[in-house]
Amino acid sequence: MIRPIHTLVAAALIAAPGLAWSASPPGAASCLGCHAAAADGSPVPALGSFTAEQIVTAMQAFRSGSRPATVMDRIAKGFSDDEVEAIADWYARSKSK
Amino acid sequence: MTKSKPSPTGMRARNQSSRRAILGALAAGGALAVLGIPAARAASKAAPRVVIIGGGFGGASCARLIKSEDRDIAVTLLEANSTYIACPFSNAVLAGLRPLEQQKFGYDRVRSDGIDVIHRKVTAVDTKQRTVRLDDGKQLGYDRLVIAPGVDLRFDAVPGYDEAAAEVLPHAWKAGEQTLLLRRQLEAMKDGGVVVMSAPANPFRCPPGPYERASLIAHYLKTHKPRSKLILLDAKDAFSKQKLFEAAWQELYPGMIEWIGLSSGGNVTRIEPGTRTFVTEFGSYRADVGNVIPPQRAAAVAAIAGVADQTGWCPVDPITFESKLQPGVHLIGDAIIAGGMPKSAFSANSQARVCATAVVDLLRERTPASPKLINTCYSLVAPDYGISIAGVYRPANGLLADVPGAGGVSPLEAPKSAREQEAVYAEAWFKTITHSVFG
């Protein structure tokens, strides 16, 4: 009697709108501490307004110091190339949901 | 419901019939107990139930994320207060830069997500039966419990400083009436008066908070009462963003703030509220306006649930945020022992996001992935002068450890424009995070 409910839950999840956080790569959720997903007029840019490539390029530039930053330089250094790519892909894909 | 292995083709029908069976059993009252199944858990097979205690940056956020992740999960948020008063930026209220109204948030949007919000206090938690009892006697069952307790101020820690003394020498470490009381006292103080503050030893809520507060009070004094002075008595010898704060104090408020660390006699051993006197090992300081930030511990509900250890704080698994003391109970926010992660609203919110995912994964019998978390804390030294500390964290040795090479504080040498920009980002952060939690 335990199993059946999971089938129903899975079906509901696929149909659910918005971001499915359980599928998100490590670190992605924390970005939304400062950044909105969709543009809201904040001086902190919304992640949904970028392509995956733009996010990857920006994070690499923040990490190397070639792009000036207040705080993103310090944060970018905590993520590997693979991690950044996974996060960027996920935000780019989540836009279409 | 005694058929334990339904065939795949019969799943839906059998599940519905088992729900009816459970409801019937519950209606019959105690029938399940005869079968040896705790009522709370058996009923949960129909729809997983998550109860969340505490409606702040951690708890309210976690509730909404769990619900948005899986609408089939019944989510209940227990929060004693119907209005949440946010602590970040409350130092700006003290300095007269912002009305307290801008710190207040309600739960209408949380409710509109389909979350049952109940404004009651929790009087008991039974982690074996998985039930929570409220102060109206109502009992709620859960499959997973998330507690975001926040902190209690320890009125037993500094002799002379109890709740009555806090009406004379406000702590203002929980935003609200205490913030307004300290604000009124600052307004009433004569020019040339002495403000005395005390800061506790680590750990405590918002490590840069006392120093931001000293800065913004100094800003108010410089603007309105320039002959006044602020003495900050500290129970430690080093503090968050110390070099940045000290450089800014020198630049913006020369001679106005005197910081006295532990080894210079900053540890307050007694408070005499009648004369507004702070007594230390080396001397005593009489205040015109006094602000005592007392030592803290995880709020009382953590002890009620048996999730706080002898330190007064809550040990957790750094992947799932499940209590190391009570299975099925998760903890987030200021109350937890989080290793390198500071006790901040940002941390609580980051943890809420990871915890929500872990709770949903565990309810689905999936293994939660190892997370990565971020913290960023802004402090205002003046309305247009912001500084920050950031960190990236990952599970290591049972705690959350800093990712080496990442994080740190704003540069000591920076143009005025960078400080102005960080002040703008601080405000933007507050708007974004409060919108995501309450809006």
# chains A, B, ... in the order shown; residues from 1 in each chain; ligands from 1

call {"tool": "residues_around", "arguments": {"residues": "region 207-210 of chain B", "least_positions_apart": "5", "cutoff": "8 Å", "atoms": "only C-alpha atoms", "output": "JSON, numbers by chain"}}
result
{"B": [199, 202, 239, 240, 241, 293, 342, 343, 344, 379]}

call {"tool": "closest_atom_pairs", "arguments": {"of": "chain B", "to": "chain A", "cutoff": "6 Å", "atoms": "only C-alpha atoms", "output": "JSON lines"}}
result
{"residue": "B:Ser4", "atom": "CA", "partner": "A:Met1", "partner_atom": "CA", "distance": 5.3}
{"residue": "B:Met11", "atom": "CA", "partner": "A:Pro4", "partner_atom": "CA", "distance": 5.2}
{"residue": "B:Glu69", "atom": "CA", "partner": "A:Ala20", "partner_atom": "CA", "distance": 5.8}
{"residue": "B:Ser350", "atom": "CA", "partner": "A:Ser30", "partner_atom": "CA", "distance": 5.1}
{"residue": "B:Thr357", "atom": "CA", "partner": "A:Ser22", "partner_atom": "CA", "distance": 5.2}
{"residue": "B:Pro371", "atom": "CA", "partner": "A:Pro26", "partner_atom": "CA", "distance": 4.8}
{"residue": "B:Lys372", "atom": "CA", "partner": "A:Gly27", "partner_atom": "CA", "distance": 4.5}
{"residue": "B:Leu373", "atom": "CA", "partner": "A:Gly27", "partner_atom": "CA", "distance": 5.5}
{"residue": "B:Ile374", "atom": "CA", "partner": "A:Ser30", "partner_atom": "CA", "distance": 5.6}
{"residue": "B:Val392", "atom": "CA", "partner": "A:Gly78", "partner_atom": "CA", "distance": 5.6}
{"residue": "B:Val403", "atom": "CA", "partner": "A:Gly78", "partner_atom": "CA", "distance": 5.8}
{"residue": "B:Ala406", "atom": "CA", "partner": "A:Gly78", "partner_atom": "CA", "distance": 4.7}
{"residue": "B:Gly407", "atom": "CA", "partner": "A:Arg74", "partner_atom": "CA", "distance": 4.5}
{"residue": "B:Trp429", "atom": "CA", "partner": "A:Cys34", "partner_atom": "CA", "distance": 5.1}
{"residue": "B:Ile433", "atom": "CA", "partner": "A:Gly33", "partner_atom": "CA", "distance": 5.9}

call {"tool": "residues_around", "arguments": {"residues": "Ile257 (chain B)", "least_positions_apart": "2", "cutoff": "10 Å", "atoms": "only C-alpha atoms", "output": "compact mmCIF listing (two decimals) with C-alpha atoms, in the first residue's frame"}}
result
# COMPACT_ATOMS: atom_id res chain seq x y z
CA VAL B 195 25.21 55.32 24.39
CA VAL B 196 26.57 52.04 25.77
CA ALA B 214 26.87 50.95 16.36
CA SER B 215 27.57 52.46 12.93
CA ILE B 217 23.47 54.88 15.77
CA ALA B 218 26.68 56.86 15.26
CA SER B 228 27.54 62.32 21.87
CA LYS B 229 29.54 59.14 22.09
CA LEU B 230 29.01 55.39 21.73
CA ILE B 231 30.86 52.74 23.74
CA LEU B 232 30.61 49.16 22.50
CA GLU B 246 36.93 50.07 12.03
CA TRP B 249 34.29 54.36 11.79
CA GLN B 250 37.59 56.21 11.49
CA TYR B 253 32.62 58.90 12.74
CA PRO B 254 36.09 59.80 14.04
CA GLY B 255 36.27 59.72 17.85
CA TRP B 259 35.05 49.54 20.85
CA ILE B 260 36.32 47.69 23.92

call {"tool": "residues_around", "arguments": {"residues": "Ala52 (chain A)", "least_positions_apart": "6", "cutoff": "8 Å", "atoms": "only C-alpha atoms", "output": "NGL selection string"}}
result
:A and (85 or 88-89 or 91-92)

call {"tool": "write_last_selection", "arguments": {"atoms": "C-alpha atoms", "output": "short mmCIF file (atom, residue, chain, number, x, y, z; two decimals), in the first residue's frame"}}
result
data_model
loop_
_atom_site.label_atom_id
_atom_site.label_comp_id
_atom_site.auth_asym_id
_atom_site.auth_seq_id
_atom_site.Cartn_x
_atom_site.Cartn_y
_atom_site.Cartn_z
CA GLU A 85 27.50 24.98 -16.31
CA ALA A 88 23.41 27.93 -15.94
CA ASP A 89 21.74 25.15 -17.93
CA TYR A 91 18.15 28.31 -15.10
CA ALA A 92 18.07 28.53 -18.89
#

call {"tool": "residues_around", "arguments": {"residues": "region 278-289 of chain B", "least_positions_apart": "6", "cutoff": "6 Å", "atoms": "only C-alpha atoms", "output": "PDB file with N, CA and C atoms, in the first residue's frame"}}
result
ATOM      1  N   GLY B 193      25.291  62.966  25.169  1.00  0.00           N
ATOM      2  CA  GLY B 193      25.011  61.755  25.935  1.00  0.00           C
ATOM      3  C   GLY B 193      25.911  60.601  25.522  1.00  0.00           C
ATOM      4  N   VAL B 194      25.883  59.560  26.362  1.00  0.00           N
ATOM      5  CA  VAL B 194      26.698  58.369  26.096  1.00  0.00           C
ATOM      6  C   VAL B 194      25.775  57.174  25.864  1.00  0.00           C
ATOM      7  N   VAL B 195      25.924  56.562  24.690  1.00  0.00           N
ATOM      8  CA  VAL B 195      25.214  55.318  24.387  1.00  0.00           C
ATOM      9  C   VAL B 195      26.172  54.172  24.696  1.00  0.00           C
ATOM     10  N   VAL B 196      25.744  53.219  25.509  1.00  0.00           N
ATOM     11  CA  VAL B 196      26.571  52.038  25.768  1.00  0.00           C
ATOM     12  C   VAL B 196      25.856  50.819  25.196  1.00  0.00           C
ATOM     13  N   GLY B 265      38.762  44.372  28.613  1.00  0.00           N
ATOM     14  CA  GLY B 265      37.745  44.495  29.660  1.00  0.00           C
ATOM     15  C   GLY B 265      36.341  44.700  29.127  1.00  0.00           C
ATOM     16  N   ASN B 267      34.025  42.409  28.539  1.00  0.00           N
ATOM     17  CA  ASN B 267      33.016  41.421  28.931  1.00  0.00           C
ATOM     18  C   ASN B 267      32.133  41.956  30.060  1.00  0.00           C
ATOM     19  N   VAL B 268      30.842  42.061  29.796  1.00  0.00           N
ATOM     20  CA  VAL B 268      29.910  42.587  30.804  1.00  0.00           C
ATOM     21  C   VAL B 268      29.546  41.469  31.777  1.00  0.00           C
ATOM     22  N   THR B 269      29.793  41.711  33.060  1.00  0.00           N
ATOM     23  CA  THR B 269      29.536  40.681  34.075  1.00  0.00           C
ATOM     24  C   THR B 269      28.259  40.957  34.850  1.00  0.00           C
ATOM     25  N   ARG B 270      27.754  42.201  34.769  1.00  0.00           N
ATOM     26  CA  ARG B 270      26.537  42.531  35.506  1.00  0.00           C
ATOM     27  C   ARG B 270      25.910  43.782  34.893  1.00  0.00           C
ATOM     28  N   ILE B 271      24.598  43.791  34.935  1.00  0.00           N
ATOM     29  CA  ILE B 271      23.861  44.978  34.501  1.00  0.00           C
ATOM     30  C   ILE B 271      23.115  45.530  35.711  1.00  0.00           C
TER      31      ILE B 271
END

call {"tool": "closest_residue", "arguments": {"among": "B:Ala401, B:Leu221, B:Ala164, B:Val307", "to": "Leu252 (chain B)", "atoms": "only C-alpha atoms"}}
result
B:Leu221

call {"tool": "residues_around", "arguments": {"residues": "Ser112 (chain B)", "least_positions_apart": "4", "cutoff": "12 Å", "atoms": "only C-alpha atoms", "output": "PyMOL selection string"}}
result
chain B and resi 64+67-68+106-108+116-117+438-439

call {"tool": "write_last_selection", "arguments": {"atoms": "C-alpha atoms", "output": "short mmCIF file (atom, residue, chain, number, x, y, z; two decimals), in the first residue's frame"}}
result
data_model
loop_
_atom_site.label_atom_id
_atom_site.label_comp_id
_atom_site.auth_asym_id
_atom_site.auth_seq_id
_atom_site.Cartn_x
_atom_site.Cartn_y
_atom_site.Cartn_z
CA ARG B 64 6.29 27.52 0.23
CA LYS B 67 4.27 23.13 -1.51
CA SER B 68 5.48 24.42 -4.88
CA GLY B 106 1.93 38.99 6.69
CA TYR B 107 1.08 35.44 5.66
CA ASP B 108 -1.70 36.02 3.10
CA ASP B 116 -2.45 25.95 6.22
CA VAL B 117 -1.06 28.76 8.38
CA PHE B 438 6.24 36.61 1.98
CA GLY B 439 5.20 38.28 -1.29
#
